[in-house]
>>> print(open('data.cif').read())   # mmCIF, C-alpha atoms
data_entry
loop_
_atom_site.label_atom_id
_atom_site.label_comp_id
_atom_site.auth_asym_id
_atom_site.auth_seq_id
_atom_site.Cartn_x
_atom_site.Cartn_y
_atom_site.Cartn_z
CA MET A 1 54.37 22.79 117.76
CA ASN A 2 58.00 21.94 118.49
CA ASP A 3 59.40 24.20 121.18
CA GLU A 4 62.43 22.12 122.14
CA PRO A 5 65.45 24.18 123.22
CA VAL A 6 68.41 24.36 120.89
CA ASP A 7 71.60 23.06 122.49
CA LEU A 8 73.68 26.16 123.12
CA GLY A 9 76.02 24.24 125.43
CA PRO A 10 79.16 24.79 123.33
CA LEU A 11 78.83 28.53 124.02
CA ARG A 12 79.23 27.91 127.74
CA LEU A 13 82.56 29.16 129.05
CA SER A 14 83.01 26.00 131.11
CA GLU A 15 82.95 24.00 127.85
CA ASP A 16 86.30 25.48 126.99
CA PRO A 17 88.58 25.19 130.04
CA ILE A 18 91.55 26.72 128.24
CA ARG A 19 89.65 29.89 127.36
CA ARG A 20 88.21 30.00 130.86
CA GLU A 21 91.62 29.74 132.51
CA ARG A 22 93.01 32.36 130.14
CA LEU A 23 90.22 34.75 131.06
CA LYS A 24 90.80 34.14 134.76
CA ALA A 25 94.52 34.79 134.30
CA ARG A 26 93.75 38.08 132.52
CA ILE A 27 91.47 39.18 135.35
CA ARG A 28 94.04 38.13 137.96
CA ALA A 29 96.81 40.03 136.22
CA GLN A 30 94.75 43.19 135.93
CA ALA A 31 93.53 42.93 139.52
CA ARG A 32 97.04 42.64 140.96
CA GLN A 33 97.63 46.39 141.20
CA GLU A 34 94.33 47.17 142.90
CA LEU A 35 94.77 44.27 145.32
CA ALA A 36 98.28 45.50 146.19
CA ARG A 37 96.92 49.00 146.79
CA ARG A 38 94.28 47.60 149.09
CA ALA A 39 96.76 45.42 150.95
CA ALA A 40 99.07 48.42 151.44
CA ARG A 41 96.39 50.57 153.06
CA GLU A 42 95.51 47.76 155.45
CA THR A 43 97.31 48.85 158.64
CA PRO A 44 96.88 47.19 162.05
CA ALA A 45 94.96 50.26 163.19
CA ARG A 46 92.50 49.84 160.32
CA THR A 47 92.02 46.16 161.08
CA LEU A 48 91.44 47.04 164.73
CA ALA A 49 89.03 49.81 163.73
CA ARG A 50 87.00 47.34 161.68
CA TRP A 51 86.89 45.07 164.71
CA PHE A 52 85.80 47.87 166.99
CA ARG A 53 83.06 49.15 164.70
CA PRO A 54 80.44 46.57 165.79
CA VAL A 55 81.46 47.07 169.41
CA LEU A 56 80.96 50.83 169.07
CA VAL A 57 77.55 50.31 167.47
CA GLY A 58 76.58 47.97 170.31
CA SER A 59 77.72 50.50 172.93
CA GLY A 60 75.77 53.24 171.17
CA LEU A 61 72.60 51.17 171.24
CA LEU A 62 73.10 50.37 174.91
CA PHE A 63 73.62 54.06 175.69
CA ALA A 64 70.46 55.03 173.76
CA HIS A 65 68.50 52.39 175.65
CA ALA A 66 69.82 53.64 179.00
CA VAL A 67 68.86 57.23 178.15
CA ALA A 68 65.39 56.10 177.11
CA VAL A 69 64.95 54.25 180.39
CA LEU A 70 66.05 57.29 182.39
CA VAL A 71 63.76 59.63 180.47
CA PHE A 72 60.63 57.51 180.22
CA ALA A 73 60.76 55.37 183.37
CA PRO A 74 58.29 56.53 186.12
CA ASP A 75 59.63 58.77 188.88
CA PRO A 76 60.54 56.61 191.89
CA ALA A 77 58.97 59.19 194.24
CA SER A 78 55.57 58.77 192.55
CA ARG A 79 55.58 55.01 192.95
CA ALA A 80 53.03 53.44 195.37
CA PRO A 81 54.50 52.62 198.82
CA ALA A 82 55.68 49.10 199.10
CA GLU A 83 53.59 46.51 200.97
CA PRO A 84 54.82 46.21 204.60
CA ARG A 85 55.22 42.47 204.11
CA ALA A 86 57.31 42.91 200.97
CA ALA A 87 59.33 45.66 202.60
CA GLY A 88 59.90 43.48 205.66
CA SER A 89 61.04 40.57 203.57
CA ALA A 90 63.41 42.91 201.72
CA LEU A 91 64.87 43.88 205.11
CA GLY A 92 65.28 40.26 206.17
CA ILE A 93 62.36 40.24 208.67
CA PRO A 94 60.56 36.87 208.72
CA PRO A 95 57.23 36.98 206.80
CA VAL A 96 55.23 35.96 209.83
CA VAL A 97 56.24 39.19 211.59
CA GLY A 98 54.84 41.09 208.61
CA VAL A 99 51.54 39.25 209.03
CA TRP A 100 51.32 40.28 212.74
CA LEU A 101 52.07 43.88 211.82
CA GLU A 102 49.37 43.89 209.10
CA ARG A 103 46.80 42.46 211.47
CA GLY A 104 47.88 44.87 214.22
CA GLU A 105 48.01 41.96 216.67
CA GLY A 106 50.81 40.70 218.86
CA PRO A 107 52.15 37.16 218.45
CA GLU A 108 50.84 34.22 220.46
CA LEU A 109 53.29 32.30 222.62
CA LEU A 110 53.16 29.36 220.24
CA ASP A 111 53.90 31.66 217.29
CA LEU A 112 57.00 32.98 219.03
CA MET A 113 58.18 29.47 219.84
CA ALA A 114 57.67 28.39 216.23
CA LEU A 115 59.57 31.46 215.03
CA PHE A 116 62.57 30.83 217.30
CA GLU A 117 62.53 27.12 216.50
CA GLY A 118 62.71 28.04 212.79
CA ASP A 119 65.67 30.41 213.42
CA ARG A 120 67.52 27.75 215.36
CA GLN A 121 67.15 25.29 212.51
CA MET B 1 81.98 24.18 154.07
CA ALA B 2 82.61 26.82 151.43
CA THR B 3 83.44 30.30 152.67
CA PRO B 4 80.42 32.57 152.15
CA ASP B 5 80.72 35.36 149.59
CA GLU B 6 80.33 37.89 152.37
CA ARG B 7 83.57 36.75 154.01
CA LEU B 8 85.42 36.60 150.68
CA VAL B 9 84.33 40.16 149.86
CA GLU B 10 85.55 41.31 153.26
CA ARG B 11 88.95 39.67 152.65
CA ALA B 12 89.21 40.95 149.08
CA ARG B 13 88.56 44.46 150.40
CA SER B 14 91.75 44.08 152.42
CA GLY B 15 93.65 43.07 149.30
CA ASP B 16 93.51 39.29 149.74
CA ALA B 17 94.24 37.96 146.24
CA ALA B 18 93.15 34.41 147.07
CA ALA B 19 89.72 35.65 148.17
CA PHE B 20 89.30 37.66 144.97
CA ASP B 21 90.38 34.60 142.95
CA GLU B 22 87.73 32.53 144.67
CA LEU B 23 85.05 35.14 143.93
CA THR B 24 86.15 35.14 140.29
CA GLU B 25 86.05 31.36 140.12
CA ARG B 26 82.55 31.25 141.61
CA HIS B 27 80.89 33.89 139.49
CA LEU B 28 82.85 33.87 136.25
CA ASP B 29 80.47 31.59 134.34
CA ALA B 30 77.32 33.49 135.32
CA ALA B 31 78.94 36.81 134.47
CA TYR B 32 80.12 35.47 131.13
CA GLY B 33 76.69 34.01 130.31
CA LEU B 34 75.01 37.33 130.96
CA ALA B 35 77.59 39.25 128.94
CA LEU B 36 77.19 36.80 126.07
CA ALA B 37 73.41 37.16 126.21
CA LEU B 38 73.68 40.93 126.01
CA LEU B 39 76.53 41.24 123.52
CA GLY B 40 76.22 38.13 121.38
CA SER B 41 79.94 37.70 120.82
CA PRO B 42 82.20 35.47 122.95
CA ASP B 43 85.14 37.84 122.52
CA ASP B 44 83.10 40.86 123.61
CA ALA B 45 81.68 38.86 126.49
CA GLU B 46 85.22 38.09 127.68
CA ASP B 47 86.23 41.77 127.51
CA CYS B 48 83.07 42.77 129.32
CA VAL B 49 83.56 40.20 132.08
CA GLN B 50 87.20 41.18 132.58
CA ASP B 51 86.30 44.88 132.87
CA SER B 52 83.40 44.09 135.17
CA PHE B 53 85.47 42.08 137.64
CA ILE B 54 88.09 44.81 137.80
CA ARG B 55 85.42 47.46 138.22
CA ALA B 56 83.81 45.38 140.95
CA LEU B 57 87.15 45.11 142.75
CA GLU B 58 87.72 48.86 142.52
CA ARG B 59 84.26 49.54 143.92
CA LEU B 60 84.18 46.74 146.44
CA ASP B 61 83.72 49.22 149.30
CA GLN B 62 80.43 50.27 147.71
CA CYS B 63 79.03 46.73 147.81
CA ARG B 64 76.58 47.26 150.68
CA THR B 65 75.24 43.73 150.75
CA PRO B 66 78.29 41.47 150.31
CA GLU B 67 76.12 38.38 150.79
CA ARG B 68 74.46 39.36 147.50
CA PHE B 69 77.76 39.86 145.69
CA ARG B 70 76.62 37.88 142.65
CA ALA B 71 73.58 40.10 141.99
CA TRP B 72 75.73 43.19 142.48
CA LEU B 73 78.37 41.87 140.08
CA LEU B 74 75.77 40.97 137.43
CA GLU B 75 74.45 44.52 137.63
CA ILE B 76 77.97 45.77 136.86
CA VAL B 77 78.21 43.31 133.94
CA ARG B 78 74.89 44.52 132.61
CA ASN B 79 75.91 48.20 132.80
CA ARG B 80 79.28 47.48 131.28
CA ALA B 81 77.69 45.54 128.39
CA LEU B 82 75.16 48.31 127.72
CA ASN B 83 77.99 50.83 127.82
CA MET B 84 80.03 48.85 125.32
CA LYS B 85 77.05 48.69 122.98
CA ARG B 86 76.30 52.37 123.41
CA HIS B 87 79.84 53.32 122.51
CA GLY B 88 80.05 50.91 119.62
CA ARG B 89 82.79 48.92 121.30
CA VAL B 90 81.34 45.58 120.25
CA ARG B 91 82.41 43.36 117.42
CA VAL B 92 79.80 42.49 114.83
CA ALA B 93 79.20 38.74 114.87
CA VAL B 94 79.12 37.15 111.45
CA PRO B 95 75.61 35.84 110.75
CA LEU B 96 75.41 32.19 109.87
CA ASP B 97 74.52 32.76 106.22
CA GLY B 98 77.89 34.46 105.87
CA LEU B 99 79.74 31.35 107.06
CA ASP B 100 80.82 28.40 104.99
CA LEU B 101 78.38 25.73 106.13
CA ALA B 102 79.75 23.12 103.78
CA SER B 103 82.83 22.84 105.93
CA GLY B 104 80.75 22.24 109.06
CA ARG B 105 81.72 18.59 109.24
CA PRO B 106 83.78 17.34 112.20
CA ASP B 107 87.46 18.22 111.94
CA PRO B 108 90.07 15.80 113.20
CA ALA B 109 91.07 18.02 116.13
CA ARG B 110 88.41 18.15 118.81
CA ASP B 111 89.26 21.67 119.94
CA ALA B 112 88.94 22.90 116.41
CA GLU B 113 85.53 21.21 116.20
CA ARG B 114 84.35 22.95 119.30
CA GLY B 115 85.65 26.24 118.06
CA ARG B 116 83.84 25.71 114.80
CA LEU B 117 80.59 24.78 116.52
CA ARG B 118 80.88 27.81 118.78
CA GLU B 119 81.38 29.92 115.70
CA LEU B 120 78.28 28.44 114.07
CA LEU B 121 76.15 29.01 117.14
CA THR B 122 77.44 32.55 117.52
CA GLY B 123 76.57 33.11 113.86
CA ALA B 124 73.10 31.71 114.43
CA LEU B 125 72.60 33.95 117.48
CA ALA B 126 73.57 36.93 115.35
CA MET B 127 70.51 36.26 113.20
CA LEU B 128 68.19 36.88 116.15
CA THR B 129 66.98 40.21 117.36
CA GLU B 130 68.83 41.54 120.39
CA ARG B 131 65.98 40.71 122.76
CA GLN B 132 65.45 37.24 121.31
CA ARG B 133 69.14 36.50 121.75
CA THR B 134 69.19 37.79 125.31
CA VAL B 135 66.14 35.73 126.26
CA VAL B 136 67.27 32.50 124.60
CA VAL B 137 70.77 32.65 126.08
CA LEU B 138 69.58 33.54 129.57
CA HIS B 139 66.87 30.86 129.50
CA ASP B 140 68.41 27.98 127.58
CA LEU B 141 72.06 28.48 128.48
CA GLU B 142 72.02 30.17 131.88
CA GLY B 143 68.85 28.57 133.25
CA TRP B 144 67.07 31.80 134.19
CA GLN B 145 63.30 31.62 134.71
CA HIS B 146 60.90 33.71 132.65
CA ASP B 147 59.94 35.91 135.59
CA GLU B 148 63.63 36.67 136.25
CA ILE B 149 64.22 37.50 132.59
CA ALA B 150 61.08 39.63 132.48
CA GLU B 151 62.20 41.59 135.54
CA PHE B 152 65.72 41.98 134.15
CA LEU B 153 64.56 43.21 130.74
CA LYS B 154 61.57 45.10 132.16
CA ILE B 155 59.11 43.22 129.97
CA ARG B 156 56.11 40.98 130.72
CA THR B 157 56.58 37.29 131.42
CA GLY B 158 54.40 36.50 128.40
CA ALA B 159 56.66 38.61 126.21
CA SER B 160 59.67 36.68 127.46
CA ARG B 161 57.97 33.39 126.52
CA ALA B 162 57.08 34.70 123.08
CA LEU B 163 60.63 35.93 122.47
CA LEU B 164 62.00 32.54 123.50
CA PHE B 165 59.62 30.72 121.18
CA LYS B 166 60.58 32.89 118.20
CA ALA B 167 64.28 32.65 119.01
CA ARG B 168 64.19 28.86 119.18
CA ARG B 169 62.23 28.65 115.95
CA THR B 170 64.76 30.83 114.13
CA LEU B 171 67.72 28.95 115.59
CA ARG B 172 66.22 25.60 114.57
CA LYS B 173 65.60 26.87 111.09
CA VAL B 174 69.12 28.23 110.77
CA LEU B 175 70.85 25.28 112.38
CA GLY B 176 68.47 22.66 111.01
CA GLY B 177 70.90 21.04 108.62
CA LEU B 178 73.76 21.00 111.06
CA PRO B 179 74.83 18.11 113.27
CA THR B 180 73.89 18.38 116.94
CA PHE B 181 76.44 19.10 119.63
CA GLU B 182 76.37 15.45 120.69
CA GLU B 183 77.11 14.35 117.13
CA TRP B 184 79.98 16.80 117.00
CA ARG B 185 81.43 15.36 120.18
#
>>> encode(input="data.cif", output="structure tokens")
Amino acid sequence: MNDEPVDLGPLRLSEDPIRRERLKARIRAQARQELARRAARETPARTLARWFRPVLVGSGLLFAHAVAVLVFAPDPASRAPAEPRAAGSALGIPPVVGVWLERGEGPELLDLMALFEGDRQ
Amino acid sequence: MATPDERLVERARSGDAAAFDELTERHLDAAYGLALALLGSPDDAEDCVQDSFIRALERLDQCRTPERFRAWLLEIVRNRALNMKRHGRVRVAVPLDGLDLASGRPDPARDAERGRLRELLTGALAMLTERQRTVVVLHDLEGWQHDEIAEFLKIRTGASRALLFKARRTLRKVLGGLPTFEEWR
């Protein structure tokens, strides 16, 4: 059975450039008024507003996120006390001092010398 | 790199004529092909396309997905074409048996030949049912796939294939004695 397509190419608009251009010109002519109306309503404030819209959306999202963190984050008071060693290091105390404190022992002479040597360097 | 449709839509919304021109240039052929498939007459298709572009421009702010401008525009073309048919604002194409086939030989002027061939093909399309014509033009002229046509016409893919087969058979029968487009050239 022959099911070859029939060549409908001549019906294509691009086959007739003159008709195509004429149609485009008709559309252009009719569009002129609407385009002018649109151009006239385009003030600097409107352009700026369009620019700011994404920024506003971004700020809104950031705000919502911040609120969510404040509402759902655990209460700082209920947090477990920090490890003495971690707390010491946060305060700038050398880690080795934290170790002595944890053990409840005093430093050996050699430990103290090593500590001061390290500070000097 | 070509400016994406999205950007052109944005500029056309601000009244940029060059951007609207570019959108017209890009999508004119597809819009015309669809209008021709639905209306069957080149003159009606032109009217439909012109109205559709203007309507699209007027409603450009409602185009929510500017990157899919083409699909949005084709939907406007489709509605416009259906509206024209509903209100009887379409010309009746002259079926081929009403045309003088004896004078279907190449004329000296090439443009006149093309015009004549277009007239013959339009006459042949007028002998198809509306659905057959829509399917054959969308498939054989516009390069749509059967699943796209089926979705567009809300029919099954198999029905689209069957309509195409019948349309081609009728067209071949009607145009059988005529020279091919290549011969006309």
>>> closest_residue(input="data.cif", among="A:Leu62, A:Ala68, A:Met113, A:Leu13", to="chain B", atoms="all atoms listed in the file")
A:Leu13
>>> atom_distance(input="data.cif", atom1="atom CA of B:Arg64", atom2="atom CA of B:Gly143")
26.7 Å
>>> resolve_selection(input="data.cif", expression="the PyMOL selection byres ((chain B) within 8 of (chain A))", output="MDAnalysis selection string")
chainID B and resid 12:17 21 24:25 29 32:33 42 46 50 53:54 57:58 114 117:118 121:122 137 140:141 165 168:169 171:172 180:181
>>> atom_distance(input="data.cif", atom1="atom CA of B:Phe152", atom2="atom CA of B:Leu8")
26.3 Å
>>> atom_distance(input="data.cif", atom1="atom CA of A:Trp100", atom2="atom CA of A:Ala114")
13.9 Å
>>> resolve_selection(input="data.cif", expression="the PyMOL selection byres ((chain B and resi 66) around 10)", output="ChimeraX atom specification")
/B:4-10,60-65,67-72
>>> axis_aligned_box(input="data.cif", around="stretch 7-13 of chain A", padding_each_side="6 Å", output="lines of an AutoDock Vina configuration file")
center_x = 77.1
center_y = 26.1
center_z = 125.8
size_x = 23.0
size_y = 18.1
size_z = 18.6
>>> decode(input="data.cif", residues="stretch 41-66 of chain B", atoms="N, CA, C and O atoms", output="CSV table (one decimal), in the first residue's frame")
chain,number,residue,atom,x,y,z
B,41,SER,N,-7.9,27.5,4.4
B,41,SER,CA,-7.7,28.5,3.4
B,41,SER,C,-6.6,29.4,3.7
B,41,SER,O,-6.5,30.0,4.9
B,42,PRO,N,-5.7,29.7,2.8
B,42,PRO,CA,-4.5,30.5,3.1
B,42,PRO,C,-4.9,31.9,3.5
B,42,PRO,O,-4.3,32.5,4.4
B,43,ASP,N,-6.0,32.5,2.9
B,43,ASP,CA,-6.4,33.8,3.2
B,43,ASP,C,-6.9,33.9,4.7
B,43,ASP,O,-6.6,34.8,5.4
B,44,ASP,N,-7.7,32.9,5.0
B,44,ASP,CA,-8.2,32.8,6.4
B,44,ASP,C,-7.1,32.6,7.4
B,44,ASP,O,-7.1,33.2,8.5
B,45,ALA,N,-6.1,31.8,7.0
B,45,ALA,CA,-5.0,31.5,7.9
B,45,ALA,C,-4.2,32.8,8.1
B,45,ALA,O,-3.8,33.1,9.3
B,46,GLU,N,-4.1,33.6,7.1
B,46,GLU,CA,-3.4,34.9,7.3
B,46,GLU,C,-4.1,35.8,8.3
B,46,GLU,O,-3.5,36.4,9.2
B,47,ASP,N,-5.5,35.9,8.1
B,47,ASP,CA,-6.3,36.7,9.0
B,47,ASP,C,-6.1,36.2,10.4
B,47,ASP,O,-6.0,37.0,11.4
B,48,CYS,N,-6.2,34.9,10.5
B,48,CYS,CA,-6.2,34.3,11.9
B,48,CYS,C,-4.8,34.6,12.6
B,48,CYS,O,-4.8,34.9,13.7
B,49,VAL,N,-3.8,34.5,11.8
B,49,VAL,CA,-2.4,34.7,12.3
B,49,VAL,C,-2.2,36.1,12.8
B,49,VAL,O,-1.7,36.4,13.8
B,50,GLN,N,-2.7,37.0,11.9
B,50,GLN,CA,-2.6,38.5,12.2
B,50,GLN,C,-3.3,38.8,13.5
B,50,GLN,O,-2.8,39.4,14.4
B,51,ASP,N,-4.6,38.3,13.6
B,51,ASP,CA,-5.4,38.6,14.8
B,51,ASP,C,-4.7,37.9,16.1
B,51,ASP,O,-4.7,38.5,17.1
B,52,SER,N,-4.1,36.8,15.9
B,52,SER,CA,-3.5,36.0,17.0
B,52,SER,C,-2.3,36.7,17.5
B,52,SER,O,-2.1,36.8,18.7
B,53,PHE,N,-1.5,37.3,16.6
B,53,PHE,CA,-0.3,38.0,17.1
B,53,PHE,C,-0.7,39.2,17.9
B,53,PHE,O,-0.1,39.6,18.9
B,54,ILE,N,-1.7,39.9,17.4
B,54,ILE,CA,-2.1,41.2,18.0
B,54,ILE,C,-2.7,40.8,19.4
B,54,ILE,O,-2.4,41.5,20.4
B,55,ARG,N,-3.5,39.8,19.4
B,55,ARG,CA,-4.1,39.3,20.7
B,55,ARG,C,-3.0,38.9,21.7
B,55,ARG,O,-3.1,39.2,22.8
B,56,ALA,N,-2.0,38.2,21.2
B,56,ALA,CA,-0.9,37.8,22.0
B,56,ALA,C,-0.2,39.0,22.6
B,56,ALA,O,0.1,39.0,23.8
B,57,LEU,N,0.0,40.0,21.8
B,57,LEU,CA,0.7,41.3,22.3
B,57,LEU,C,-0.2,41.9,23.3
B,57,LEU,O,0.3,42.4,24.4
B,58,GLU,N,-1.5,42.0,23.1
B,58,GLU,CA,-2.4,42.7,24.1
B,58,GLU,C,-2.4,41.9,25.4
B,58,GLU,O,-2.6,42.5,26.4
B,59,ARG,N,-2.2,40.6,25.3
B,59,ARG,CA,-2.3,39.8,26.5
B,59,ARG,C,-0.9,39.3,27.0
B,59,ARG,O,-0.9,38.3,27.8
B,60,LEU,N,0.1,40.0,26.6
B,60,LEU,CA,1.4,39.5,26.9
B,60,LEU,C,1.7,39.4,28.4
B,60,LEU,O,2.5,38.6,28.8
B,61,ASP,N,1.0,40.3,29.2
B,61,ASP,CA,1.3,40.2,30.6
B,61,ASP,C,0.7,38.9,31.2
B,61,ASP,O,1.0,38.5,32.3
B,62,GLN,N,-0.2,38.3,30.5
B,62,GLN,CA,-0.8,37.0,31.0
B,62,GLN,C,0.0,35.8,30.6
B,62,GLN,O,-0.3,34.7,31.0
B,63,CYS,N,1.1,36.0,29.8
B,63,CYS,CA,1.9,34.9,29.4
B,63,CYS,C,2.8,34.5,30.6
B,63,CYS,O,3.8,35.1,30.9
B,64,ARG,N,2.4,33.5,31.4
B,64,ARG,CA,3.1,33.2,32.6
B,64,ARG,C,4.4,32.5,32.4
B,64,ARG,O,5.3,32.5,33.3
B,65,THR,N,4.5,31.8,31.3
B,65,THR,CA,5.8,31.1,31.1
B,65,THR,C,6.4,31.6,29.7
B,65,THR,O,6.2,30.9,28.7
B,66,PRO,N,7.0,32.7,29.8
B,66,PRO,CA,7.5,33.3,28.5
B,66,PRO,C,8.5,32.4,27.7
B,66,PRO,O,8.6,32.6,26.5
